[in-house]
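Participant: Input input05.txt, format and content: compact mmCIF, C-alpha atoms.
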```txt
# COMPACT_ATOMS: atom_id res chain seq x y z
CA MET A 1 161.62 6.64 19.45
CA GLY A 2 158.37 4.97 18.39
CA THR A 3 158.83 5.53 14.65
CA ILE A 4 162.48 4.52 14.48
CA LEU A 5 161.74 1.34 16.39
CA ILE A 6 158.58 0.42 14.46
CA ASP A 7 160.37 0.85 11.10
CA LYS A 8 163.18 -1.41 12.29
CA LEU A 9 160.71 -4.03 13.54
CA LEU A 10 158.64 -3.96 10.34
CA GLU A 11 161.82 -4.24 8.27
CA THR A 12 162.68 -7.38 10.29
CA VAL A 13 159.20 -8.84 9.67
CA VAL A 14 159.52 -8.27 5.91
CA VAL A 15 163.13 -9.48 5.60
CA ARG A 16 162.56 -12.63 7.64
CA GLY A 17 159.22 -13.39 5.99
CA ALA A 18 157.27 -13.49 9.26
CA SER A 19 153.48 -13.62 9.10
CA ASP A 20 152.87 -11.70 12.34
CA LEU A 21 154.53 -9.38 14.85
CA HIS A 22 153.35 -9.45 18.49
CA LEU A 23 154.08 -6.50 20.78
CA ALA A 24 153.25 -7.01 24.46
CA VAL A 25 154.49 -5.43 27.68
CA GLY A 26 156.98 -7.55 29.63
CA GLN A 27 158.62 -9.41 26.75
CA PRO A 28 160.65 -8.58 23.62
CA PRO A 29 158.86 -8.27 20.25
CA VAL A 30 157.81 -11.72 18.96
CA LEU A 31 157.62 -12.89 15.33
CA ARG A 32 155.52 -15.73 13.97
CA LEU A 33 157.76 -17.56 11.51
CA HIS A 34 156.28 -20.52 9.55
CA GLY A 35 153.69 -20.95 12.27
CA ARG A 36 156.14 -20.89 15.22
CA LEU A 37 156.67 -17.98 17.65
CA VAL A 38 160.21 -16.56 17.84
CA ARG A 39 161.36 -13.87 20.31
CA LEU A 40 163.68 -11.17 19.02
CA GLU A 41 166.97 -10.74 20.89
CA THR A 42 166.13 -7.27 22.22
CA LYS A 43 165.00 -5.75 25.49
CA SER A 44 161.58 -6.42 26.99
CA LEU A 45 158.95 -3.80 26.14
CA GLU A 46 157.87 -1.34 28.85
CA PRO A 47 154.30 0.07 28.97
CA SER A 48 155.64 3.35 27.48
CA ASP A 49 157.21 1.42 24.56
CA THR A 50 154.00 -0.24 23.39
CA VAL A 51 152.10 3.06 23.70
CA ALA A 52 154.75 4.86 21.63
CA LEU A 53 154.77 2.06 19.03
CA MET A 54 150.97 2.10 18.87
CA LYS A 55 150.80 5.90 18.46
CA SER A 56 153.44 5.90 15.71
CA ILE A 57 151.19 3.92 13.32
CA THR A 58 147.59 4.23 14.58
CA PRO A 59 145.12 6.71 13.02
CA GLY A 60 143.38 9.08 15.46
CA ARG A 61 139.95 7.44 15.12
CA CYS A 62 141.41 4.05 16.08
CA GLN A 63 143.29 5.50 19.07
CA GLN A 64 139.96 6.93 20.23
CA GLU A 65 138.26 3.56 19.71
CA LEU A 66 141.02 1.89 21.76
CA GLN A 67 140.22 4.24 24.67
CA GLU A 68 136.44 3.88 24.36
CA ARG A 69 136.06 0.21 23.43
CA GLY A 70 139.36 -1.36 24.45
CA GLY A 71 140.44 -2.25 20.91
CA SER A 72 140.51 -1.37 17.22
CA ASP A 73 141.66 -2.76 13.84
CA PHE A 74 143.07 -0.99 10.81
CA GLY A 75 145.30 -1.53 7.78
CA PHE A 76 148.41 0.46 6.92
CA ALA A 77 151.19 0.46 4.33
CA PHE A 78 154.87 0.16 5.23
CA GLY A 79 156.16 2.22 2.29
CA ASP A 80 155.94 0.03 -0.78
CA LYS A 81 157.44 -2.98 1.03
CA ALA A 82 154.33 -4.49 2.61
CA ARG A 83 150.92 -3.80 4.07
CA PHE A 84 149.88 -4.76 7.58
CA ARG A 85 146.57 -5.54 9.21
CA VAL A 86 146.88 -4.22 12.75
CA SER A 87 144.88 -5.10 15.84
CA ILE A 88 145.45 -2.89 18.91
CA PHE A 89 143.95 -3.78 22.28
CA LYS A 90 144.11 -3.28 26.03
CA GLN A 91 145.44 -6.10 28.21
CA LYS A 92 145.96 -5.78 31.97
CA GLY A 93 145.57 -2.04 31.48
CA ASN A 94 148.47 -1.90 29.01
CA THR A 95 148.47 -1.56 25.22
CA GLY A 96 149.13 -4.63 23.05
CA LEU A 97 149.50 -4.88 19.27
CA VAL A 98 149.46 -7.67 16.73
CA LEU A 99 150.49 -6.85 13.15
CA ARG A 100 149.72 -9.35 10.38
CA GLN A 101 151.81 -8.95 7.23
CA ILE A 102 149.83 -8.83 4.00
CA PRO A 103 152.19 -9.63 1.11
CA ASN A 104 152.33 -7.00 -1.64
CA ASP A 105 152.50 -9.63 -4.34
CA LEU A 106 149.25 -11.44 -4.95
CA LEU A 107 149.78 -15.17 -5.30
CA SER A 108 147.92 -16.91 -8.12
CA MET A 109 145.42 -19.71 -7.61
CA GLU A 110 147.98 -22.08 -9.18
CA GLN A 111 150.71 -21.00 -6.74
CA LEU A 112 148.35 -21.55 -3.82
CA GLY A 113 147.31 -24.98 -5.11
CA THR A 114 143.61 -24.06 -4.96
CA PRO A 115 141.39 -26.91 -6.25
CA PRO A 116 141.01 -26.37 -10.04
CA VAL A 117 137.19 -26.49 -9.88
CA MET A 118 137.28 -23.19 -7.94
CA LYS A 119 138.13 -21.38 -11.18
CA GLU A 120 134.95 -22.74 -12.80
CA LEU A 121 132.79 -21.76 -9.81
CA ILE A 122 133.94 -18.13 -9.71
CA GLN A 123 132.92 -17.71 -13.36
CA ARG A 124 129.29 -18.69 -12.72
CA PRO A 125 126.77 -15.86 -13.22
CA ARG A 126 125.46 -16.02 -9.65
CA GLY A 127 125.62 -17.81 -6.33
CA MET A 128 127.53 -17.78 -3.07
CA ILE A 129 131.05 -19.17 -2.69
CA LEU A 130 132.30 -19.50 0.87
CA VAL A 131 135.94 -19.70 1.90
CA THR A 132 136.23 -20.95 5.46
CA GLY A 133 138.83 -21.92 8.03
CA PRO A 134 140.28 -20.73 11.33
CA THR A 135 142.01 -17.35 11.72
CA GLY A 136 145.35 -17.32 9.93
CA SER A 137 144.52 -20.19 7.56
CA GLY A 138 145.01 -18.05 4.46
CA LYS A 139 141.37 -17.26 3.57
CA SER A 140 142.16 -13.65 2.59
CA THR A 141 145.04 -14.80 0.39
CA THR A 142 142.81 -17.31 -1.41
CA LEU A 143 140.05 -14.74 -1.97
CA ALA A 144 142.57 -12.17 -3.21
CA ALA A 145 143.83 -14.73 -5.75
CA CYS A 146 140.24 -15.41 -6.96
CA ILE A 147 139.48 -11.68 -7.29
CA ASP A 148 142.79 -11.11 -9.10
CA TRP A 149 142.05 -13.92 -11.58
CA LEU A 150 138.63 -12.42 -12.37
CA ASN A 151 140.12 -8.92 -12.54
CA THR A 152 142.75 -10.11 -15.05
CA ASN A 153 140.47 -12.24 -17.22
CA ILE A 154 136.87 -10.96 -17.12
CA ASP A 155 135.24 -7.54 -17.50
CA HIS A 156 133.32 -7.42 -14.22
CA HIS A 157 132.43 -4.80 -11.68
CA ILE A 158 133.85 -6.17 -8.42
CA ILE A 159 132.99 -4.63 -5.04
CA THR A 160 134.87 -5.76 -1.95
CA ILE A 161 133.69 -4.98 1.58
CA GLU A 162 136.49 -5.48 4.09
CA ASP A 163 137.45 -4.70 7.67
CA PRO A 164 140.15 -3.55 7.10
CA ILE A 165 141.12 -3.64 3.39
CA GLU A 166 143.97 -6.13 3.07
CA PHE A 167 145.13 -6.67 -0.50
CA TYR A 168 144.90 -3.66 -2.83
CA HIS A 169 143.52 -4.48 -6.28
CA HIS A 170 144.14 -2.20 -9.25
CA HIS A 171 141.63 -2.01 -12.10
CA LYS A 172 142.71 -4.42 -14.85
CA LYS A 173 140.06 -5.93 -17.13
CA SER A 174 137.55 -5.44 -14.29
CA THR A 175 136.68 -2.36 -12.27
CA VAL A 176 137.39 -3.04 -8.59
CA ASN A 177 135.94 -0.85 -5.84
CA GLN A 178 137.10 -1.65 -2.31
CA ARG A 179 135.14 -0.34 0.68
CA GLU A 180 136.46 -0.40 4.23
CA VAL A 181 134.02 -0.86 7.10
CA GLY A 182 134.35 2.05 9.55
CA VAL A 183 135.95 4.30 6.90
CA ASP A 184 133.85 4.09 3.72
CA VAL A 185 130.73 2.47 5.12
CA MET A 186 129.24 1.78 8.56
CA SER A 187 128.66 -1.99 8.44
CA PHE A 188 128.95 -5.09 6.24
CA ALA A 189 125.17 -5.37 5.90
CA ASP A 190 124.78 -1.70 4.89
CA ALA A 191 127.55 -2.07 2.33
CA ILE A 192 125.99 -5.20 0.76
CA ARG A 193 122.60 -3.51 0.45
CA ALA A 194 124.21 -0.43 -1.09
CA ALA A 195 126.29 -2.60 -3.44
CA LEU A 196 123.12 -4.00 -5.03
CA ARG A 197 122.45 -0.49 -6.38
CA GLN A 198 125.99 -0.18 -7.77
CA ASP A 199 125.66 -2.61 -10.70
CA PRO A 200 128.08 -5.24 -9.34
CA ASP A 201 128.88 -8.61 -10.87
CA VAL A 202 130.88 -9.82 -7.88
CA ILE A 203 130.62 -8.81 -4.21
CA LEU A 204 133.23 -9.91 -1.69
CA VAL A 205 132.05 -9.87 1.93
CA GLY A 206 135.13 -9.91 4.17
CA GLU A 207 133.38 -11.49 7.13
CA MET A 208 129.92 -12.94 7.54
CA ARG A 209 129.71 -12.24 11.27
CA ASP A 210 126.04 -11.82 12.04
CA LEU A 211 122.52 -12.63 10.95
CA GLU A 212 122.03 -9.30 9.16
CA THR A 213 125.19 -9.70 7.06
CA ILE A 214 124.45 -13.35 6.20
CA GLU A 215 120.89 -12.46 5.20
CA ALA A 216 122.06 -9.60 2.97
CA ALA A 217 124.71 -11.85 1.36
CA ILE A 218 122.19 -14.62 0.60
CA THR A 219 119.81 -12.08 -0.95
CA ALA A 220 122.64 -10.71 -3.12
CA ALA A 221 123.54 -14.23 -4.30
CA GLU A 222 119.89 -14.96 -5.12
CA THR A 223 119.44 -11.79 -7.17
CA GLY A 224 122.06 -12.64 -9.78
CA HIS A 225 125.45 -11.79 -8.31
CA VAL A 226 128.47 -13.86 -7.36
CA VAL A 227 129.08 -13.38 -3.63
CA PHE A 228 132.29 -14.43 -1.92
CA GLY A 229 132.07 -14.75 1.86
CA THR A 230 134.29 -15.99 4.66
CA LEU A 231 133.45 -17.77 7.90
CA HIS A 232 135.63 -19.05 10.73
CA THR A 233 134.30 -22.59 10.42
CA THR A 234 136.09 -25.85 9.62
CA GLY A 235 134.77 -28.20 6.98
CA ALA A 236 131.96 -27.75 4.47
CA GLN A 237 129.44 -29.68 6.57
CA GLY A 238 130.07 -27.50 9.66
CA THR A 239 129.82 -24.33 7.58
CA VAL A 240 126.29 -25.04 6.36
CA ASN A 241 125.16 -25.87 9.92
CA ARG A 242 126.80 -22.75 11.31
CA ILE A 243 124.97 -20.44 8.88
CA ILE A 244 121.62 -22.06 9.63
CA ASP A 245 122.21 -21.94 13.41
CA VAL A 246 122.66 -18.15 13.30
CA PHE A 247 118.95 -17.82 12.48
CA PRO A 248 116.04 -18.18 14.92
CA THR A 249 114.40 -21.62 14.81
CA ASN A 250 111.25 -20.39 13.05
CA GLN A 251 113.35 -19.08 10.13
CA GLN A 252 115.67 -22.05 9.75
CA GLU A 253 113.59 -24.01 7.27
CA GLN A 254 113.30 -21.01 4.96
CA ILE A 255 117.07 -20.36 5.23
CA ARG A 256 117.80 -24.01 4.37
CA THR A 257 115.77 -23.62 1.18
CA GLN A 258 117.49 -20.31 0.32
CA LEU A 259 120.95 -21.75 1.01
CA SER A 260 120.28 -24.85 -1.07
CA THR A 261 119.65 -22.65 -4.11
CA SER A 262 122.23 -19.92 -3.46
CA ILE A 263 125.41 -21.72 -2.28
CA ILE A 264 127.43 -23.04 -5.22
CA GLY A 265 130.64 -24.04 -3.44
CA ILE A 266 132.50 -24.13 -0.13
CA LEU A 267 136.28 -24.17 0.12
CA SER A 268 137.55 -24.96 3.61
CA GLN A 269 141.25 -24.61 4.30
CA GLN A 270 144.01 -25.15 6.86
CA LEU A 271 147.61 -23.95 6.76
CA LEU A 272 150.44 -26.34 7.73
CA PRO A 273 154.22 -26.04 8.03
CA ARG A 274 156.05 -27.76 5.17
CA ILE A 275 158.81 -30.18 6.13
CA GLN A 276 161.11 -28.26 3.75
CA GLY A 277 160.23 -24.87 5.31
CA GLY A 278 157.48 -22.41 4.46
CA ARG A 279 153.81 -23.34 4.59
CA ILE A 280 151.22 -25.11 2.48
CA ALA A 281 147.44 -25.06 2.42
CA ALA A 282 145.28 -28.19 2.68
CA TYR A 283 141.82 -27.83 1.14
CA GLU A 284 138.37 -29.31 1.43
CA MET A 285 136.19 -28.58 -1.59
CA LEU A 286 132.42 -28.94 -1.79
CA VAL A 287 130.68 -28.30 -5.09
CA VAL A 288 126.94 -28.00 -4.55
CA THR A 289 125.18 -30.44 -6.88
CA PRO A 290 121.38 -30.90 -7.02
CA ALA A 291 121.80 -33.92 -4.70
CA ILE A 292 123.78 -31.88 -2.15
CA ALA A 293 121.30 -29.00 -2.43
CA ASN A 294 118.65 -31.56 -1.45
CA LEU A 295 120.64 -32.61 1.64
CA ILE A 296 120.85 -28.96 2.73
CA ARG A 297 117.13 -28.40 2.15
CA GLU A 298 116.11 -31.58 3.96
CA ASN A 299 118.39 -30.96 6.95
CA LYS A 300 120.60 -33.97 6.19
CA THR A 301 123.90 -32.09 6.30
CA PHE A 302 125.50 -35.02 8.18
CA ARG A 303 125.61 -36.80 4.80
CA ILE A 304 127.59 -34.05 3.06
CA ASN A 305 131.00 -35.59 3.85
CA SER A 306 130.22 -38.88 2.16
CA SER A 307 128.89 -36.94 -0.85
CA ILE A 308 132.19 -35.06 -1.06
CA GLN A 309 134.03 -38.38 -0.93
CA THR A 310 132.14 -39.80 -3.88
CA GLY A 311 132.26 -36.50 -5.77
CA HIS A 312 135.97 -36.37 -6.61
CA LYS A 313 135.21 -36.59 -10.34
CA LEU A 314 133.42 -33.25 -9.92
CA GLY A 315 136.50 -31.72 -8.26
CA MET A 316 135.49 -32.35 -4.65
CA GLN A 317 137.79 -33.49 -1.88
CA LEU A 318 137.72 -33.92 1.89
CA LEU A 319 140.28 -32.04 3.95
CA ASP A 320 141.50 -35.24 5.61
CA ASP A 321 142.07 -36.89 2.21
CA HIS A 322 144.19 -33.92 1.12
CA LEU A 323 146.12 -34.06 4.42
CA PHE A 324 146.70 -37.79 3.86
CA ARG A 325 148.17 -37.10 0.40
CA LEU A 326 150.41 -34.30 1.71
CA TRP A 327 151.72 -36.63 4.42
CA LYS A 328 152.16 -39.56 2.02
CA ASP A 329 154.10 -37.30 -0.39
CA GLN A 330 156.32 -36.23 2.55
CA VAL A 331 155.31 -32.56 2.29
CA VAL A 332 154.05 -32.34 5.91
CA THR A 333 154.68 -34.34 9.08
CA LYS A 334 152.20 -36.85 10.43
CA GLN A 335 151.84 -34.80 13.63
CA ASP A 336 150.99 -31.56 11.78
CA ALA A 337 148.48 -33.36 9.52
CA LEU A 338 146.68 -34.94 12.49
CA ILE A 339 146.49 -31.62 14.39
CA LYS A 340 144.63 -30.04 11.46
CA ALA A 341 142.42 -33.02 10.58
CA ASN A 342 138.63 -32.90 10.96
CA MET A 343 138.60 -36.56 12.06
CA PRO A 344 142.09 -37.24 13.44
CA ASP A 345 141.30 -40.78 14.67
CA GLN A 346 140.16 -41.93 11.23
CA LEU A 347 143.11 -40.25 9.54
CA ALA A 348 145.59 -41.83 11.99
CA ASP A 349 144.02 -45.22 11.29
CA LYS A 350 144.34 -44.69 7.54
CA MET A 351 148.00 -43.68 7.97
CA ARG A 352 148.68 -46.82 10.02
CA ARG A 353 147.10 -49.00 7.32
CA TRP A 354 149.22 -47.28 4.69
CA GLU A 355 152.43 -47.75 6.71
CA SER A 356 151.72 -51.43 7.25
CA GLY A 357 151.22 -51.87 3.51
CA LEU A 358 147.44 -52.45 3.68
CA GLY A 359 146.48 -49.01 2.41
CA THR A 360 145.46 -48.20 -1.13
CA GLU A 361 144.72 -44.90 -2.84
CA ASP A 362 141.02 -45.44 -2.23
CA ALA A 363 141.36 -46.81 1.27
CA ASP A 364 138.35 -44.79 2.31
CA GLU A 365 135.96 -45.79 -0.46
CA GLU A 366 134.57 -48.55 1.75
CA GLU A 367 133.37 -45.98 4.27
CA GLU A 368 130.49 -45.23 1.94
CA GLU A 369 127.00 -45.20 3.42
```
I need this file expressed as structure tokens, please.
Facilitator:
Amino acid sequence: MGTILIDKLLETVVVRGASDLHLAVGQPPVLRLHGRLVRLETKSLEPSDTVALMKSITPGRCQQELQERGGSDFGFAFGDKARFRVSIFKQKGNTGLVLRQIPNDLLSMEQLGTPPVMKELIQRPRGMILVTGPTGSGKSTTLAACIDWLNTNIDHHIITIEDPIEFYHHHKKSTVNQREVGVDVMSFADAIRAALRQDPDVILVGEMRDLETIEAAITAAETGHVVFGTLHTTGAQGTVNRIIDVFPTNQQEQIRTQLSTSIIGILSQQLLPRIQGGRIAAYEMLVVTPAIANLIRENKTFRINSSIQTGHKLGMQLLDDHLFRLWKDQVVTKQDALIKANMPDQLADKMRRWESGLGTEDADEEEEE
């Protein structure tokens, strides 16, 4: 019963274009469609249903991990229709599952609307590029598009370290080796250190979760590799602070210096529902110039936002400015833009000025220091 049902459910996810499928005891299966949760018109799941569904798709090692640790994550392919990233867990003694659909077709950087300067950054010979944002904001999709562009256009050796592997990349102009944590290698930090002996040009670190991983990633960026990393932070300014805060106080000054020379760009993103249906990403883009490197080194990160604002000729933009444009162009609603804003009060004020006819394109230029 488990397999028949799971195939039917996954078919529904693919056909309806849902991003996630939630399976929990005591309610019918739930889809996330364009950011909203929708219950399927079927019976509520019993404890035996979620166990059967879980067993029908979960590898043995993950079932064991669920028993021992209360949860596990893995990736699996639904024929050639889609891939899913699956998280299984215990809740109130029962089994729960969340399946995130990973589209088979890689979207291009143009289709995603990634800031154009990103293409220049990923071609640099070395340095760290961070893609940040909350869970479900499309970080993996953006990184996959960057890797695919490099793979198509440049003869690199690309190593990805993921947990689990999401998008599958085939060798094109580049050679792409993808390593899954827990299957191919024990930890992110181990994999980064090993990668340095594997003649890479580009290393993608799926998640920079802990001090050891961040340290290994910074070292890799310093020694002449391009390193892509992701963090669950919002905004470029917050990202720099977050990395530094992971380290003990006595190491922070040294890390500031290392970051100021190794980070070359930070892309921070949020995903919003489009008024016309579907979703769109809003981006904040920081390009690290010598002046911004100085701010990082001197612990003046609070001034990064105003540097982004004055750096639009270099391809930089603040998230809230992008949200303002999306709202003004009637792509997203005011409410959705304000929910995702870094400084909702300031954005609301700017929107009010615009509506009353006082606003100009550069309404925020006067907020300069």
Participant: Give me the residues within 9 Å of Val86 in chain A as an MDAnalysis selection string, counting all atoms listed in the file and dropping any in the same chain fewer than 5 places off.
Facilitator: chainID A and resid 58 72:76 97:101 164
Participant: Using 9 Å as the limit and counting only C-alpha atoms, can you tabulate each residue of range 106-222 of chain A that touches range 277-298 of chain A, with its shortest atom-to-atom distance in Å and the two atoms involved, as CSV?
Facilitator:
```
residue,atom,partner,partner_atom,distance
A:Leu112,CA,A:Ala281,CA,7.2
A:Gly113,CA,A:Ala281,CA,7.5
A:Thr114,CA,A:Tyr283,CA,7.4
A:Pro115,CA,A:Met285,CA,7.2
A:Val117,CA,A:Val287,CA,8.3
A:Met118,CA,A:Met285,CA,8.4
A:Leu121,CA,A:Val287,CA,8.3
A:Ser137,CA,A:Ala281,CA,7.7
A:Gly138,CA,A:Ala281,CA,7.7
```
Participant: From the list A:Leu45, A:Leu231, A:Leu106, A:Leu10, which residue is nearest Phe84 in chain A when using all atoms listed in the file?
Facilitator: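 Closest to Phe84 in chain A of all the choices is A:Leu10.
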Participant: What is the distance, in Å and to one decimal place, between CA of Ile308 in chain A and CA of Ile203 in chain A?
Facilitator: 26.5 Å
Participant: Quick one: residues within 10 Å of range 208-224 of chain A, all atoms listed in the file counted, chain neighbours fewer than 3 positions away excluded, as a VMD selection string?
Facilitator: chain A and resid 124 to 130 187 to 193 195 to 196 200 to 205 227 to 232 243 to 248 255 258 to 259 261 to 264
Participant: Please write the residues from the selection above to a file, keeping C-alpha atoms, as a tab-separated table (two decimals), in the coordinates of the input.
Facilitator:
```tsv
chain	number	residue	atom	x	y	z
A	124	ARG	CA	129.29	-18.69	-12.72
A	125	PRO	CA	126.77	-15.86	-13.22
A	126	ARG	CA	125.46	-16.02	-9.65
A	127	GLY	CA	125.62	-17.81	-6.33
A	128	MET	CA	127.53	-17.78	-3.07
A	129	ILE	CA	131.05	-19.17	-2.69
A	130	LEU	CA	132.30	-19.50	0.87
A	187	SER	CA	128.66	-1.99	8.44
A	188	PHE	CA	128.95	-5.09	6.24
A	189	ALA	CA	125.17	-5.37	5.90
A	190	ASP	CA	124.78	-1.70	4.89
A	191	ALA	CA	127.55	-2.07	2.33
A	192	ILE	CA	125.99	-5.20	0.76
A	193	ARG	CA	122.60	-3.51	0.45
A	195	ALA	CA	126.29	-2.60	-3.44
A	196	LEU	CA	123.12	-4.00	-5.03
A	200	PRO	CA	128.08	-5.24	-9.34
A	201	ASP	CA	128.88	-8.61	-10.87
A	202	VAL	CA	130.88	-9.82	-7.88
A	203	ILE	CA	130.62	-8.81	-4.21
A	204	LEU	CA	133.23	-9.91	-1.69
A	205	VAL	CA	132.05	-9.87	1.93
A	227	VAL	CA	129.08	-13.38	-3.63
A	228	PHE	CA	132.29	-14.43	-1.92
A	229	GLY	CA	132.07	-14.75	1.86
A	230	THR	CA	134.29	-15.99	4.66
A	231	LEU	CA	133.45	-17.77	7.90
A	232	HIS	CA	135.63	-19.05	10.73
A	243	ILE	CA	124.97	-20.44	8.88
A	244	ILE	CA	121.62	-22.06	9.63
A	245	ASP	CA	122.21	-21.94	13.41
A	246	VAL	CA	122.66	-18.15	13.30
A	247	PHE	CA	118.95	-17.82	12.48
A	248	PRO	CA	116.04	-18.18	14.92
A	255	ILE	CA	117.07	-20.36	5.23
A	258	GLN	CA	117.49	-20.31	0.32
A	259	LEU	CA	120.95	-21.75	1.01
A	261	THR	CA	119.65	-22.65	-4.11
A	262	SER	CA	122.23	-19.92	-3.46
A	263	ILE	CA	125.41	-21.72	-2.28
A	264	ILE	CA	127.43	-23.04	-5.22
```
Participant: Show me, as a list in words, the residues that have an atom within 9 Å of range 39-41 of chain A when counting only C-alpha atoms, minus same-chain residues fewer than 4 positions from it.
Facilitator: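 Near range 39-41 of chain A, the qualifying residues are Gln27, Pro28, Pro29, Val30, Leu31 and Arg32 of chain A.
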Participant: Those same residues, written as a PDB file, in the frame of the given file with C-alpha atoms?
Facilitator:
```pdb
ATOM      1  CA  GLN A  27     158.620  -9.410  26.750  1.00  0.00           C
ATOM      2  CA  PRO A  28     160.650  -8.580  23.620  1.00  0.00           C
ATOM      3  CA  PRO A  29     158.860  -8.270  20.250  1.00  0.00           C
ATOM      4  CA  VAL A  30     157.810 -11.720  18.960  1.00  0.00           C
ATOM      5  CA  LEU A  31     157.620 -12.890  15.330  1.00  0.00           C
ATOM      6  CA  ARG A  32     155.520 -15.730  13.970  1.00  0.00           C
TER       7      ARG A  32
END
```
Participant: Extract, using all atoms listed in the file, all DNA, RNA and protein residues at most 12 Å from Asp148 in chain A, discarding same-chain residues fewer than 5 positions from it, and format them as a ChimeraX atom specification.
Facilitator: /A:105-109,119,122,140-143,153-156,158,160,167-176
Participant: Between A:Arg69, A:Lys90, A:His22, A:His157, which residue has the minimum interatomic distance to Val51 in chain A, considering all atoms listed in the file?
Facilitator: A:Lys90
Participant: For CA of Leu323 in chain A and CA of Leu347 in chain A, quote the distance in Å rounded to one decimal.
Facilitator: 8.6 Å
Participant: Calculate, to one decimal in Å, the centre and edge lengths of the box along x, y and z of the file that holds all listed atoms of range 329-341 of chain A with 4 Å of margin on each side, and present them as JSON.
Facilitator:
```
{"center_x": 149.4, "center_y": -33.7, "center_z": 7.0, "size_x": 21.9, "size_y": 15.3, "size_z": 22.8}
```
Participant: Excluding same-chain residues fewer than 6 positions from Gly93 in chain A, what lies within 12 Å of it counting all atoms listed in the file, as a list of chain:residue names?
Facilitator: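 Close residues of Gly93 in chain A: A:Ala24, A:Val25, A:Pro47, A:Thr50, A:Val51, A:Leu66, A:Gln67, A:Gly70, A:Gly71.
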Participant: Write a file of the just-selected residues containing C-alpha atoms, as an mmCIF file, keeping the file's coordinate frame.
Facilitator:
```
data_model
loop_
_atom_site.group_PDB
_atom_site.id
_atom_site.type_symbol
_atom_site.label_atom_id
_atom_site.label_comp_id
_atom_site.auth_asym_id
_atom_site.auth_seq_id
_atom_site.Cartn_x
_atom_site.Cartn_y
_atom_site.Cartn_z
ATOM 1 C CA ALA A 24 153.250 -7.010 24.460
ATOM 2 C CA VAL A 25 154.490 -5.430 27.680
ATOM 3 C CA PRO A 47 154.300 0.070 28.970
ATOM 4 C CA THR A 50 154.000 -0.240 23.390
ATOM 5 C CA VAL A 51 152.100 3.060 23.700
ATOM 6 C CA LEU A 66 141.020 1.890 21.760
ATOM 7 C CA GLN A 67 140.220 4.240 24.670
ATOM 8 C CA GLY A 70 139.360 -1.360 24.450
ATOM 9 C CA GLY A 71 140.440 -2.250 20.910
#
```
Participant: What separation in Å, quoted to one decimal, exists between CA of Thr95 in chain A and CA of Met54 in chain A?
Facilitator: 7.7 Å
Participant: Counting only C-alpha atoms, which of A:Asn299, A:Ser268, A:Gln309, A:Gln63 gets nearest to Glu253 in chain A?
Facilitator: A:Asn299
Participant: Tell me which of A:Asn151, A:Gln254, A:Gln64, A:Asn94 sits closest to Asp49 in chain A, counting all atoms listed in the file.
Facilitator: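 So, comparing all the options, the nearest one is A:Asn94.
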Participant: With N, CA, C and O atoms as the target, complete range 346-354 of chain A and hand it back as an mmCIF file, in the coordinates of the input.
Facilitator:
```cif
data_model
loop_
_atom_site.group_PDB
_atom_site.id
_atom_site.type_symbol
_atom_site.label_atom_id
_atom_site.label_comp_id
_atom_site.auth_asym_id
_atom_site.auth_seq_id
_atom_site.Cartn_x
_atom_site.Cartn_y
_atom_site.Cartn_z
ATOM 1 N N GLN A 346 140.292 -41.210 12.503
ATOM 2 C CA GLN A 346 140.160 -41.930 11.230
ATOM 3 C C GLN A 346 141.391 -41.748 10.358
ATOM 4 O O GLN A 346 141.849 -42.689 9.706
ATOM 5 N N LEU A 347 141.930 -40.510 10.362
ATOM 6 C CA LEU A 347 143.110 -40.250 9.540
ATOM 7 C C LEU A 347 144.310 -41.042 10.068
ATOM 8 O O LEU A 347 145.067 -41.649 9.290
ATOM 9 N N ALA A 348 144.474 -41.084 11.389
ATOM 10 C CA ALA A 348 145.590 -41.830 11.990
ATOM 11 C C ALA A 348 145.492 -43.306 11.623
ATOM 12 O O ALA A 348 146.488 -43.961 11.294
ATOM 13 N N ASP A 349 144.267 -43.818 11.626
ATOM 14 C CA ASP A 349 144.020 -45.220 11.290
ATOM 15 C C ASP A 349 144.415 -45.486 9.831
ATOM 16 O O ASP A 349 145.069 -46.479 9.513
ATOM 17 N N LYS A 350 144.029 -44.552 8.963
ATOM 18 C CA LYS A 350 144.340 -44.690 7.540
ATOM 19 C C LYS A 350 145.862 -44.648 7.314
ATOM 20 O O LYS A 350 146.405 -45.397 6.494
ATOM 21 N N MET A 351 146.535 -43.763 8.077
ATOM 22 C CA MET A 351 148.000 -43.680 7.970
ATOM 23 C C MET A 351 148.658 -44.984 8.430
ATOM 24 O O MET A 351 149.604 -45.457 7.819
ATOM 25 N N ARG A 352 148.132 -45.556 9.511
ATOM 26 C CA ARG A 352 148.680 -46.820 10.020
ATOM 27 C C ARG A 352 148.527 -47.934 8.967
ATOM 28 O O ARG A 352 149.455 -48.692 8.721
ATOM 29 N N ARG A 353 147.337 -47.980 8.346
ATOM 30 C CA ARG A 353 147.100 -49.000 7.320
ATOM 31 C C ARG A 353 148.084 -48.828 6.162
ATOM 32 O O ARG A 353 148.624 -49.786 5.631
ATOM 33 N N TRP A 354 148.306 -47.568 5.797
ATOM 34 C CA TRP A 354 149.220 -47.280 4.690
ATOM 35 C C TRP A 354 150.643 -47.735 5.048
ATOM 36 O O TRP A 354 151.328 -48.376 4.259
#
```
